[in-house]
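So this one's structure-v1.tsv, TSV, C-alpha atoms and all ligand atoms:
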```tsv
chain	number	residue	atom	x	y	z
A	1	MET	CA	288.05	66.48	53.38
A	2	LEU	CA	285.19	64.86	51.54
A	3	TYR	CA	286.86	61.53	50.87
A	4	ASP	CA	288.11	58.93	53.21
A	5	SER	CA	288.69	56.46	50.42
A	6	ILE	CA	289.52	56.34	46.74
A	7	ASP	CA	286.27	54.45	46.31
A	8	MET	CA	284.37	57.60	47.17
A	9	LEU	CA	286.17	59.35	44.36
A	10	ARG	CA	284.30	57.11	41.93
A	11	LYS	CA	281.07	58.44	43.42
A	12	ARG	CA	282.17	62.07	43.44
A	13	HIS	CA	279.43	63.12	40.98
A	14	LEU	CA	276.83	62.28	43.61
A	15	LEU	CA	278.37	64.84	45.99
A	16	ILE	CA	278.29	67.73	43.53
A	17	ASN	CA	275.70	69.74	45.48
A	18	LYS	CA	277.36	69.48	48.91
A	19	PRO	CA	277.80	72.94	50.48
A	20	GLU	CA	281.61	72.39	50.65
A	21	ILE	CA	281.81	71.81	46.90
A	22	ILE	CA	279.46	74.69	46.07
A	23	ARG	CA	281.62	77.03	48.14
A	24	ILE	CA	284.77	75.99	46.29
A	25	LEU	CA	283.14	76.31	42.87
A	26	LYS	CA	281.93	79.84	43.71
A	27	ILE	CA	285.47	80.85	44.61
A	28	GLN	CA	286.73	79.20	41.42
A	29	ASP	CA	284.26	81.20	39.34
A	30	GLU	CA	285.68	84.38	40.91
A	31	ILE	CA	289.28	83.24	40.34
A	32	VAL	CA	288.70	82.77	36.61
A	33	SER	CA	286.78	86.08	36.34
A	34	GLN	CA	289.53	87.99	38.17
A	35	ILE	CA	292.29	86.50	36.02
A	36	ARG	CA	290.35	87.71	32.98
A	37	VAL	CA	289.92	91.18	34.50
A	38	PHE	CA	293.64	91.35	35.29
A	39	LEU	CA	294.77	90.17	31.84
A	40	LYS	CA	292.35	92.52	30.04
A	41	LYS	CA	293.77	95.45	32.03
A	42	GLU	CA	297.23	94.33	30.92
A	43	GLY	CA	296.14	94.45	27.27
A	44	PHE	CA	295.74	90.72	26.59
A	45	VAL	CA	293.39	89.36	23.92
A	46	GLU	CA	291.56	86.14	24.76
A	47	ILE	CA	291.67	83.51	22.04
A	48	LEU	CA	289.86	80.18	21.77
A	49	ALA	CA	292.03	77.22	22.63
A	50	PRO	CA	292.42	74.34	20.19
A	51	ILE	CA	291.47	70.93	21.62
A	52	ILE	CA	292.96	68.55	19.03
A	53	GLY	CA	295.74	68.79	16.44
A	54	PRO	CA	298.49	66.89	14.60
A	55	VAL	CA	300.91	67.39	17.54
A	56	THR	CA	300.83	68.67	21.08
A	57	ASP	CA	303.22	69.69	23.85
A	58	PRO	CA	305.75	66.86	24.37
A	59	GLY	CA	307.17	68.43	27.56
A	60	ILE	CA	304.85	66.68	30.02
A	61	ARG	CA	307.25	64.55	32.08
A	62	ASP	CA	306.04	60.98	32.57
A	63	ALA	CA	302.48	61.61	31.43
A	64	LYS	CA	301.18	60.14	28.17
A	65	GLN	CA	299.52	62.00	25.33
A	66	VAL	CA	296.12	60.90	24.04
A	67	SER	CA	295.64	60.09	20.35
A	68	ILE	CA	292.43	60.02	18.36
A	69	ASN	CA	291.72	58.84	14.85
A	70	TYR	CA	290.98	61.94	12.82
A	71	TYR	CA	289.54	60.77	9.50
A	72	GLY	CA	292.29	58.23	9.09
A	73	THR	CA	295.23	60.19	10.53
A	74	GLU	CA	296.46	60.28	14.10
A	75	PHE	CA	295.64	63.45	16.00
A	76	LYS	CA	296.55	64.41	19.56
A	77	VAL	CA	294.37	65.83	22.30
A	78	MET	CA	296.07	68.97	23.62
A	79	SER	CA	298.46	68.35	26.52
A	80	SER	CA	299.08	72.10	26.27
A	81	MET	CA	298.50	74.65	23.51
A	82	ILE	CA	302.03	76.04	23.75
A	83	LEU	CA	302.74	75.65	20.00
A	84	TYR	CA	299.56	77.51	19.07
A	85	LYS	CA	299.86	80.43	21.45
A	86	GLN	CA	303.43	81.02	20.26
A	87	MET	CA	302.17	81.23	16.67
A	88	MET	CA	299.47	83.75	17.67
A	89	ILE	CA	302.11	86.22	18.76
A	90	ASN	CA	302.43	87.59	15.20
A	91	VAL	CA	298.70	88.37	15.33
A	92	PHE	CA	298.28	89.89	18.81
A	93	PRO	CA	301.17	91.06	21.04
A	94	LYS	CA	299.59	89.56	24.18
A	95	VAL	CA	297.32	86.52	24.05
A	96	PHE	CA	295.74	84.14	26.49
A	97	ALA	CA	293.27	81.27	26.52
A	98	LEU	CA	291.49	79.17	29.10
A	99	SER	CA	292.76	75.92	27.69
A	100	PRO	CA	291.57	72.38	28.49
A	101	ASN	CA	294.38	69.80	28.58
A	102	VAL	CA	294.55	66.02	28.87
A	103	ARG	CA	297.62	64.21	30.20
A	104	LEU	CA	297.44	60.55	31.14
A	105	GLU	CA	299.48	60.74	34.33
A	106	PRO	CA	300.94	57.61	35.92
A	107	THR	CA	298.52	56.06	38.45
A	108	GLU	CA	300.85	56.76	41.37
A	109	THR	CA	300.10	60.51	40.90
A	110	ILE	CA	296.92	59.94	42.87
A	111	LYS	CA	299.20	60.10	45.92
A	112	THR	CA	300.46	63.59	45.07
A	113	ARG	CA	296.89	64.90	45.48
A	114	ARG	CA	297.66	67.57	42.88
A	115	HIS	CA	297.50	65.73	39.55
A	116	LEU	CA	294.42	65.46	37.36
A	117	THR	CA	294.39	63.77	33.97
A	118	GLU	CA	292.03	66.44	32.62
A	119	PHE	CA	292.65	70.00	33.74
A	120	ARG	CA	292.52	73.59	32.56
A	121	GLN	CA	295.21	76.22	32.42
A	122	ILE	CA	295.30	79.90	31.65
A	123	ASP	CA	297.93	79.79	28.93
A	124	LEU	CA	299.40	83.15	27.93
A	125	GLU	CA	302.10	84.56	25.65
A	126	VAL	CA	303.74	88.00	25.30
A	127	VAL	CA	305.71	89.27	22.31
A	128	ASN	CA	309.32	90.43	22.76
A	129	ALA	CA	309.26	89.66	26.48
A	130	THR	CA	311.98	88.07	28.62
A	131	TYR	CA	311.44	85.28	31.12
A	132	LYS	CA	312.02	87.82	33.89
A	133	ASP	CA	309.19	90.00	32.50
A	134	LEU	CA	306.93	86.96	32.71
A	135	ILE	CA	308.05	86.20	36.25
A	136	ASP	CA	307.05	89.75	37.14
A	137	LEU	CA	303.68	89.34	35.39
A	138	GLY	CA	303.04	86.03	37.16
A	139	GLU	CA	303.71	87.59	40.56
A	140	ARG	CA	301.43	90.53	39.90
A	141	MET	CA	298.68	88.28	38.59
A	142	LEU	CA	298.81	85.91	41.55
A	143	CYS	CA	298.82	88.76	44.09
A	144	TYR	CA	295.94	90.47	42.28
A	145	VAL	CA	293.78	87.36	42.27
A	146	ILE	CA	294.49	86.50	45.92
A	147	ARG	CA	293.70	90.08	47.00
A	148	LYS	CA	290.39	90.01	45.10
A	149	ILE	CA	289.37	86.61	46.49
A	150	LYS	CA	290.12	87.78	50.03
A	151	GLN	CA	287.97	90.86	49.43
A	152	LYS	CA	285.05	89.08	47.81
A	153	HIS	CA	285.11	85.67	49.48
A	154	GLY	CA	286.53	86.32	52.94
A	155	LYS	CA	283.51	84.58	54.45
A	156	GLU	CA	283.94	81.44	52.34
A	157	LEU	CA	287.69	81.32	53.07
A	158	ARG	CA	286.92	81.47	56.79
A	159	GLU	CA	284.42	78.64	56.37
A	160	GLU	CA	287.21	76.67	54.67
A	161	ARG	CA	289.43	77.62	57.64
A	162	ARG	CA	291.90	78.95	55.10
A	163	GLN	CA	294.31	81.63	56.26
A	164	LEU	CA	295.52	83.20	53.06
A	165	GLU	CA	297.85	86.16	52.85
A	166	VAL	CA	298.69	88.19	49.75
A	167	PRO	CA	302.33	87.19	49.12
A	168	ARG	CA	305.07	89.83	49.29
A	169	ARG	CA	306.77	90.73	46.02
A	170	PRO	CA	309.29	90.03	44.66
A	171	PHE	CA	308.99	86.30	45.39
A	172	LYS	CA	312.15	84.37	46.14
A	173	ARG	CA	313.98	83.22	43.02
A	174	TYR	CA	316.21	80.16	42.92
A	175	GLU	CA	318.17	78.78	40.06
A	176	TYR	CA	317.64	75.09	39.34
A	177	ARG	CA	321.19	74.24	40.47
A	178	GLU	CA	320.62	75.98	43.84
A	179	VAL	CA	317.51	73.90	44.36
A	180	LEU	CA	319.49	70.69	43.83
A	181	GLU	CA	321.80	71.83	46.65
A	182	ILE	CA	318.87	72.48	48.99
A	183	LEU	CA	317.41	69.06	48.23
A	184	LYS	CA	320.77	67.43	48.81
A	185	ASN	CA	320.84	68.92	52.31
A	186	PHE	CA	317.53	67.14	52.94
A	187	GLY	CA	318.98	63.87	51.67
A	188	VAL	CA	317.25	64.01	48.28
A	189	ASN	CA	319.66	63.49	45.41
A	190	VAL	CA	318.54	64.72	42.02
A	191	GLU	CA	320.87	64.13	39.12
A	192	TYR	CA	321.83	67.37	37.39
A	193	GLY	CA	319.92	67.60	34.13
A	194	SER	CA	316.74	65.80	35.15
A	195	GLU	CA	313.37	67.15	36.28
A	196	ILE	CA	312.87	67.71	39.99
A	197	PRO	CA	310.77	64.71	41.12
A	198	TRP	CA	307.30	65.25	42.63
A	199	ASP	CA	308.37	64.39	46.16
A	200	GLY	CA	311.35	66.78	45.88
A	201	GLU	CA	309.02	69.50	44.70
A	202	GLU	CA	306.64	68.83	47.57
A	203	LEU	CA	309.48	68.99	50.07
A	204	LEU	CA	310.67	72.33	48.68
A	205	SER	CA	307.11	73.60	48.76
A	206	LYS	CA	306.65	72.50	52.39
A	207	ILE	CA	309.67	74.43	53.64
A	208	HIS	CA	308.38	77.70	52.17
A	209	ARG	CA	305.73	80.04	53.58
A	210	GLU	CA	305.39	82.08	50.36
A	211	PRO	CA	305.40	81.19	46.66
A	212	PHE	CA	308.85	80.98	45.01
A	213	TRP	CA	310.40	80.59	41.58
A	214	ILE	CA	312.80	77.99	40.23
A	215	MET	CA	314.52	79.40	37.15
A	216	GLU	CA	316.93	78.22	34.49
A	217	PHE	CA	316.31	74.51	34.14
A	218	PRO	CA	318.80	72.47	32.12
A	219	VAL	CA	317.91	71.91	28.49
A	220	THR	CA	317.61	68.14	29.08
A	221	ALA	CA	314.77	68.56	31.60
A	222	ARG	CA	312.33	70.49	29.40
A	223	GLY	CA	310.51	70.72	26.04
A	224	PHE	CA	312.34	71.78	22.85
A	225	TYR	CA	310.55	75.14	22.67
A	226	TYR	CA	312.34	76.94	25.52
A	227	LEU	CA	315.20	79.28	24.61
A	228	GLU	CA	318.73	78.43	25.63
A	229	HIS	CA	320.85	81.11	27.36
A	230	GLU	CA	323.45	82.54	24.92
A	231	GLU	CA	326.02	82.96	27.68
A	232	LYS	CA	325.11	79.80	29.64
A	233	PRO	CA	324.92	76.92	27.16
A	234	GLY	CA	322.73	74.02	28.24
A	235	ILE	CA	320.63	76.28	30.47
A	236	LEU	CA	317.17	77.58	29.58
A	237	ARG	CA	315.56	80.96	30.04
A	238	ASP	CA	312.58	79.38	31.77
A	239	PHE	CA	310.92	79.00	35.18
A	240	ASP	CA	308.42	77.23	37.39
A	241	LEU	CA	306.48	78.83	40.23
A	242	LEU	CA	305.86	76.68	43.29
A	243	TYR	CA	303.17	77.34	45.87
A	244	PRO	CA	304.24	77.13	49.52
A	245	GLU	CA	302.86	74.86	52.29
A	246	GLY	CA	303.26	71.67	50.25
A	247	PHE	CA	300.86	72.67	47.44
A	248	GLY	CA	303.61	72.28	44.81
A	249	GLU	CA	303.87	73.41	41.21
A	250	ALA	CA	301.77	76.36	40.06
A	251	ILE	CA	303.23	77.72	36.82
A	252	SER	CA	305.62	76.64	34.06
A	253	GLY	CA	306.92	79.03	31.43
A	254	GLY	CA	309.81	80.78	29.73
A	255	GLU	CA	311.21	82.40	26.61
A	256	ARG	CA	310.77	80.58	23.31
A	257	GLU	CA	313.20	79.38	20.72
A	258	TYR	CA	311.72	80.96	17.58
A	259	ARG	CA	314.46	80.42	14.96
A	260	TYR	CA	313.58	77.67	12.50
A	261	GLU	CA	316.98	75.91	12.28
A	262	ARG	CA	317.50	75.92	16.02
A	263	VAL	CA	314.02	74.57	16.69
A	264	VAL	CA	314.62	71.69	14.25
A	265	ASN	CA	317.93	71.02	15.95
A	266	ARG	CA	316.35	70.91	19.39
A	267	MET	CA	313.53	68.65	18.14
A	268	VAL	CA	316.05	66.17	16.76
A	269	LYS	CA	318.09	66.26	19.97
A	270	SER	CA	315.02	65.63	22.14
A	271	GLY	CA	313.90	62.74	19.95
A	272	GLU	CA	310.87	64.37	18.32
A	273	ASN	CA	309.73	63.34	14.86
A	274	VAL	CA	310.29	66.58	12.94
A	275	ALA	CA	307.84	65.57	10.20
A	276	ASP	CA	304.94	65.65	12.69
A	277	TYR	CA	305.48	69.37	13.29
A	278	GLY	CA	304.92	70.46	9.65
A	279	TRP	CA	302.49	73.33	10.26
A	280	TYR	CA	304.52	74.70	13.18
A	281	LEU	CA	307.80	74.63	11.27
A	282	GLU	CA	306.14	76.23	8.24
A	283	MET	CA	305.04	79.15	10.40
A	284	LEU	CA	308.48	79.44	12.03
A	285	LYS	CA	310.09	79.45	8.60
A	286	ASN	CA	307.90	82.40	7.60
A	287	GLY	CA	309.18	84.22	10.67
A	288	ILE	CA	307.73	84.32	14.17
A	289	LEU	CA	308.58	87.10	16.63
A	290	PRO	CA	310.39	86.27	19.87
A	291	SER	CA	308.08	85.75	22.84
A	292	ALA	CA	307.74	84.38	26.34
A	293	GLY	CA	304.79	82.95	28.20
A	294	PHE	CA	303.50	80.66	30.89
A	295	GLY	CA	300.63	78.44	31.89
A	296	ILE	CA	298.94	78.45	35.30
A	297	GLY	CA	296.71	75.52	36.26
A	298	VAL	CA	293.23	76.64	37.28
A	299	GLU	CA	292.43	73.67	39.54
A	300	ARG	CA	295.80	73.94	41.31
A	301	LEU	CA	295.28	77.65	41.87
A	302	THR	CA	291.83	76.91	43.30
A	303	ARG	CA	293.32	74.22	45.53
A	304	PHE	CA	295.94	76.62	46.84
A	305	ILE	CA	293.56	79.53	47.40
A	306	CYS	CA	291.01	77.36	49.19
A	307	GLY	CA	293.70	75.36	51.02
A	308	LEU	CA	292.31	72.01	49.81
A	309	GLU	CA	293.99	68.76	50.65
A	310	ASN	CA	293.00	67.21	47.31
A	311	ILE	CA	293.00	68.70	43.81
A	312	TRP	CA	289.92	66.67	42.96
A	313	ASP	CA	287.80	68.94	45.15
A	314	ALA	CA	288.79	71.85	42.90
A	315	VAL	CA	286.81	70.79	39.83
A	316	PRO	CA	283.16	69.79	39.28
A	317	PHE	CA	283.91	66.49	37.51
A	318	PRO	CA	287.44	65.39	38.42
A	319	LYS	CA	289.46	62.91	36.37
A	320	VAL	CA	292.14	61.27	38.47
A	321	ALA	CA	294.71	58.83	37.08
A	322	GLY	CA	293.35	55.28	37.02
A	323	ILE	CA	289.90	56.21	38.36
A	324	TYR	CA	286.84	55.59	36.20
A	325	SER	CA	284.54	58.57	36.69
A	326	PRO	CA	282.20	60.72	34.59
B	401	LIG	N1	301.86	75.92	28.97
B	401	LIG	C1	303.13	75.26	29.05
B	401	LIG	C2	302.98	73.95	29.81
B	401	LIG	O1	301.90	73.47	29.95
B	401	LIG	C3	304.13	76.11	29.73
B	401	LIG	C4	304.59	77.28	28.92
B	401	LIG	O2	303.80	78.12	28.52
B	401	LIG	O3	305.81	77.36	28.73
B	401	LIG	O4	303.95	73.39	30.27
B	402	MG	MG	305.29	72.15	34.45
```
Can you give me the file's structure in the form of structure tokens?
Amino acid sequence: MLYDSIDMLRKRHLLINKPEIIRILKIQDEIVSQIRVFLKKEGFVEILAPIIGPVTDPGIRDAKQVSINYYGTEFKVMSSMILYKQMMINVFPKVFALSPNVRLEPTETIKTRRHLTEFRQIDLEVVNATYKDLIDLGERMLCYVIRKIKQKHGKELREERRQLEVPRRPFKRYEYREVLEILKNFGVNVEYGSEIPWDGEELLSKIHREPFWIMEFPVTARGFYYLEHEEKPGILRDFDLLYPEGFGEAISGGEREYRYERVVNRMVKSGENVADYGWYLEMLKNGILPSAGFGIGVERLTRFICGLENIWDAVPFPKVAGIYSP
């Protein structure tokens, strides 16, 4: 660990050429390259991620979006490019982007050691796919990347004292309601319908030795763009992947609601201002194909692969909630 105090985090830029940091950044370079290799082999087209726009992903829990003044109108800085990648599905059947996101997380997230206010994710989308297809893709991608890093950076992983195994597939799959039961047995009560809190997630992560999925969140816990199960009303065709050993959330994703009227309905129900989503609704009205996708955080993946205590060691210039830094 490079920090014994938060104060040192403010001076992080002065530590940028420490051998420990260089080692992590080399591994990170390989992680991003290998994800690209994997996705290219799978037939994905890489697109350039938007950075600002009239609206952005509202499904970001307690974090706040960032607004800028764009020639007299309010624009948002992307909290995720979900709306854009979904619209690209009529252009290319499989798309991805290395997308920078900003989310002003509450200051107490510094304690989770896995939240940054500026981070990057590989955001991808697949036409006519189910959430289970995407779960399968996520597993294959994660195993591929871990295998490659072990092959190419075994020495660096040993220097990090990281014992990393390629996980066995298929990963364990829980439904959201099963997870509430597990948490209850540990004395953590989560009200049905709400997001699993960070400490609950960490606890679940700590009791697992391999990555695992949580599927089928209730509609009240997530953004308006996930598709509801036909045969299980109120439940979404979506998922999160959690890393084991206490590293916590890795991936969020699912199938998309793509039918204009239903999207409007869901926006109204979740309290969104429909008028803000003009361009998105226009494109839905013209007809968008069904799709599913997910986003995987690059810094969190780096943290997991390297076995880092703190996410802020997994990025050259970290932005941590409440900390003034370059
Ligand atoms: N990228 C989205 C997010 O940041 C997840 C998704 O693709 O559904 O939550
Ligand atoms: Mg998420």
- Env. residues ligand LIG 401 (chain B) / 6 Å / all atoms listed in the file / as a PyMOL selection string: chain A and resi 80+82+123+252-254+293-295
- All residues within 12 Å of ligand MG 402 (chain B) are required, counting only C-alpha atoms and all ligand atoms; please report them as a PyMOL selection string. chain A and resi 57-63+79-80+82+103+115+121+123+195-198+201+214+217+221-223+238-242+248-254+294-297+300
- Using only C-alpha atoms, can you list as a PyMOL selection string the residues within 9 Å of (297.1, 58.4, 25.0)? chain A and resi 63-68+76-77+102-104
- Task: Using all atoms listed in the file, pick whichever of A:Ser33, A:Ser99, A:Thr117, A:Asn69 has the shortest atom-to-atom distance to A:Trp312.
- Result: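 Of A:Ser33, A:Ser99, A:Thr117, A:Asn69, the one nearest A:Trp312 is A:Thr117, counting all atoms listed in the file.
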- Query: Could you state the separation of atom CA of A:Leu183 and atom CA of A:Arg120 in Å, given to one decimal place?
  - Reply: 29.8 Å
- Item | Residue contacts of A:Ala275 (12 Å, all atoms listed in the file) excluding same-chain residues fewer than 5 positions away, as a PyMOL selection string | chain A and resi 54-55+264+267-268+280-282
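If you count only C-alpha atoms and ignore residues fewer than 5 places along the chain from stretch 14-18 of chain A, what sits within 10 Å of it is Leu2, Met8, Leu9, Arg23, Leu25, Asp313, Val315, Pro316 and Phe317 of chain A.
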- Message: Could you check the closest approach to A:Val274 for each of A:Ala321, A:His208, A:Phe224, A:Ile311 and tell me which residue wins, using only C-alpha atoms?
- Response: A:Phe224
- Query: Can you tell me, as a list in words, what residues are no more than 10 Å from A:Tyr84 when counting only C-alpha atoms, ignoring any on the same chain fewer than 4 positions away?
  - Reply: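 My list of contacting residues is Ala49, Pro50, Gly53, Thr56, Asp57, Ser80, Met88, Ile89, Glu125 and Tyr280 of chain A.
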Store the residues of this selection in a file with C-alpha atoms, as a PDB file, in the coordinates of the input.
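Wrote selection.pdb, looks like this:
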```pdb
ATOM      1  CA  ALA A  49     292.030  77.220  22.630  1.00  0.00           C
ATOM      2  CA  PRO A  50     292.420  74.340  20.190  1.00  0.00           C
ATOM      3  CA  GLY A  53     295.740  68.790  16.440  1.00  0.00           C
ATOM      4  CA  THR A  56     300.830  68.670  21.080  1.00  0.00           C
ATOM      5  CA  ASP A  57     303.220  69.690  23.850  1.00  0.00           C
ATOM      6  CA  SER A  80     299.080  72.100  26.270  1.00  0.00           C
ATOM      7  CA  MET A  88     299.470  83.750  17.670  1.00  0.00           C
ATOM      8  CA  ILE A  89     302.110  86.220  18.760  1.00  0.00           C
ATOM      9  CA  GLU A 125     302.100  84.560  25.650  1.00  0.00           C
ATOM     10  CA  TYR A 280     304.520  74.700  13.180  1.00  0.00           C
TER      11      TYR A 280
END
```
- Query: With all atoms listed in the file as the basis for distance, which of A:Met283, A:Ile288, A:Ile27, A:Leu134 is at the shortest distance from A:Ile146?
  - Reply: A:Ile27
- Item | Test item: residues at most 7 Å from A:Leu116, only C-alpha atoms, excluding those fewer than 2 positions along its chain, as a PyMOL selection string | chain A and resi 114+118-119+319-321
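The residue set within 9 Å of A:Tyr144, counting all atoms listed in the file and dropping same-chain residues fewer than 4 places from it, reads Gln34, Ile35, Phe38, Glu139, Arg140, Lys148, Ile149 and Val166 of chain A.
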- Item | Å distance separating atom CA of A:Arg256 from atom CA of A:Pro290, one decimal place |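 Result for atom CA of A:Arg256 versus atom CA of A:Pro290: 6.7 Å, one decimal.
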- Task: Kindly give the distance, in Å, that separates atom CA of A:Lys40 and atom CA of A:Val127, rounded to a single decimal.
- Result: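 Atom-to-atom, atom CA of A:Lys40 to atom CA of A:Val127, that is 15.8 Å.
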- Query: Hey, which of A:Gly138, A:Gly271, A:Gly307, A:Gly72 ends up closest to A:Leu39? Count all atoms listed in the file.
  - Reply: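 Once distances to A:Leu39 are computed over all atoms listed in the file, the minimum belongs to A:Gly138.
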Filled-in N, CA, C and O atoms of stretch 99-118 of chain A, supplied as a PDB file, keeping the file's coordinate frame:
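File out-v5.pdb, as written:
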```pdb
ATOM      1  N   SER A  99     292.513  77.059  28.559  1.00  0.00           N
ATOM      2  CA  SER A  99     292.760  75.920  27.690  1.00  0.00           C
ATOM      3  C   SER A  99     292.585  74.582  28.406  1.00  0.00           C
ATOM      4  O   SER A  99     293.236  74.337  29.417  1.00  0.00           O
ATOM      5  N   PRO A 100     291.705  73.710  27.889  1.00  0.00           N
ATOM      6  CA  PRO A 100     291.570  72.380  28.490  1.00  0.00           C
ATOM      7  C   PRO A 100     292.681  71.452  28.015  1.00  0.00           C
ATOM      8  O   PRO A 100     293.026  71.455  26.837  1.00  0.00           O
ATOM      9  N   ASN A 101     293.259  70.694  28.915  1.00  0.00           N
ATOM     10  CA  ASN A 101     294.380  69.800  28.580  1.00  0.00           C
ATOM     11  C   ASN A 101     294.112  68.399  29.115  1.00  0.00           C
ATOM     12  O   ASN A 101     293.503  68.244  30.179  1.00  0.00           O
ATOM     13  N   VAL A 102     294.621  67.407  28.400  1.00  0.00           N
ATOM     14  CA  VAL A 102     294.550  66.020  28.870  1.00  0.00           C
ATOM     15  C   VAL A 102     295.966  65.448  28.913  1.00  0.00           C
ATOM     16  O   VAL A 102     296.721  65.575  27.945  1.00  0.00           O
ATOM     17  N   ARG A 103     296.327  64.877  30.030  1.00  0.00           N
ATOM     18  CA  ARG A 103     297.620  64.210  30.200  1.00  0.00           C
ATOM     19  C   ARG A 103     297.380  62.941  30.997  1.00  0.00           C
ATOM     20  O   ARG A 103     296.946  63.026  32.156  1.00  0.00           O
ATOM     21  N   LEU A 104     297.649  61.805  30.412  1.00  0.00           N
ATOM     22  CA  LEU A 104     297.440  60.550  31.140  1.00  0.00           C
ATOM     23  C   LEU A 104     298.613  60.331  32.097  1.00  0.00           C
ATOM     24  O   LEU A 104     299.643  59.788  31.728  1.00  0.00           O
ATOM     25  N   GLU A 105     298.430  60.807  33.307  1.00  0.00           N
ATOM     26  CA  GLU A 105     299.480  60.740  34.330  1.00  0.00           C
ATOM     27  C   GLU A 105     299.611  59.307  34.841  1.00  0.00           C
ATOM     28  O   GLU A 105     298.631  58.564  34.848  1.00  0.00           O
ATOM     29  N   PRO A 106     300.801  58.933  35.313  1.00  0.00           N
ATOM     30  CA  PRO A 106     300.940  57.610  35.920  1.00  0.00           C
ATOM     31  C   PRO A 106     299.997  57.474  37.130  1.00  0.00           C
ATOM     32  O   PRO A 106     299.720  58.470  37.810  1.00  0.00           O
ATOM     33  N   THR A 107     299.524  56.246  37.392  1.00  0.00           N
ATOM     34  CA  THR A 107     298.520  56.060  38.450  1.00  0.00           C
ATOM     35  C   THR A 107     299.037  56.457  39.837  1.00  0.00           C
ATOM     36  O   THR A 107     298.250  56.835  40.693  1.00  0.00           O
ATOM     37  N   GLU A 108     300.365  56.395  40.026  1.00  0.00           N
ATOM     38  CA  GLU A 108     300.850  56.760  41.370  1.00  0.00           C
ATOM     39  C   GLU A 108     300.660  58.267  41.664  1.00  0.00           C
ATOM     40  O   GLU A 108     300.781  58.683  42.809  1.00  0.00           O
ATOM     41  N   THR A 109     300.312  59.077  40.646  1.00  0.00           N
ATOM     42  CA  THR A 109     300.100  60.510  40.900  1.00  0.00           C
ATOM     43  C   THR A 109     298.883  60.763  41.784  1.00  0.00           C
ATOM     44  O   THR A 109     298.709  61.867  42.289  1.00  0.00           O
ATOM     45  N   ILE A 110     298.059  59.754  41.960  1.00  0.00           N
ATOM     46  CA  ILE A 110     296.920  59.940  42.870  1.00  0.00           C
ATOM     47  C   ILE A 110     297.421  60.324  44.253  1.00  0.00           C
ATOM     48  O   ILE A 110     296.778  61.067  44.993  1.00  0.00           O
ATOM     49  N   LYS A 111     298.626  59.840  44.589  1.00  0.00           N
ATOM     50  CA  LYS A 111     299.200  60.100  45.920  1.00  0.00           C
ATOM     51  C   LYS A 111     299.677  61.543  46.064  1.00  0.00           C
ATOM     52  O   LYS A 111     299.815  62.028  47.175  1.00  0.00           O
ATOM     53  N   THR A 112     299.980  62.209  44.957  1.00  0.00           N
ATOM     54  CA  THR A 112     300.460  63.590  45.070  1.00  0.00           C
ATOM     55  C   THR A 112     299.313  64.539  45.445  1.00  0.00           C
ATOM     56  O   THR A 112     299.548  65.642  45.907  1.00  0.00           O
ATOM     57  N   ARG A 113     298.092  64.111  45.200  1.00  0.00           N
ATOM     58  CA  ARG A 113     296.890  64.900  45.480  1.00  0.00           C
ATOM     59  C   ARG A 113     296.839  66.216  44.709  1.00  0.00           C
ATOM     60  O   ARG A 113     296.109  67.123  45.045  1.00  0.00           O
ATOM     61  N   ARG A 114     297.697  66.339  43.670  1.00  0.00           N
ATOM     62  CA  ARG A 114     297.660  67.570  42.880  1.00  0.00           C
ATOM     63  C   ARG A 114     297.736  67.307  41.374  1.00  0.00           C
ATOM     64  O   ARG A 114     297.974  68.210  40.592  1.00  0.00           O
ATOM     65  N   HIS A 115     297.523  66.052  40.975  1.00  0.00           N
ATOM     66  CA  HIS A 115     297.500  65.730  39.550  1.00  0.00           C
ATOM     67  C   HIS A 115     296.098  65.301  39.111  1.00  0.00           C
ATOM     68  O   HIS A 115     295.486  64.449  39.745  1.00  0.00           O
ATOM     69  N   LEU A 116     295.646  65.896  38.030  1.00  0.00           N
ATOM     70  CA  LEU A 116     294.420  65.460  37.360  1.00  0.00           C
ATOM     71  C   LEU A 116     294.820  65.028  35.962  1.00  0.00           C
ATOM     72  O   LEU A 116     295.829  65.515  35.431  1.00  0.00           O
ATOM     73  N   THR A 117     294.050  64.146  35.348  1.00  0.00           N
ATOM     74  CA  THR A 117     294.390  63.770  33.970  1.00  0.00           C
ATOM     75  C   THR A 117     293.712  64.707  32.972  1.00  0.00           C
ATOM     76  O   THR A 117     294.117  64.801  31.825  1.00  0.00           O
ATOM     77  N   GLU A 118     292.668  65.398  33.427  1.00  0.00           N
ATOM     78  CA  GLU A 118     292.030  66.440  32.620  1.00  0.00           C
ATOM     79  C   GLU A 118     292.021  67.699  33.470  1.00  0.00           C
ATOM     80  O   GLU A 118     291.546  67.669  34.606  1.00  0.00           O
TER      81      GLU A 118
END
```
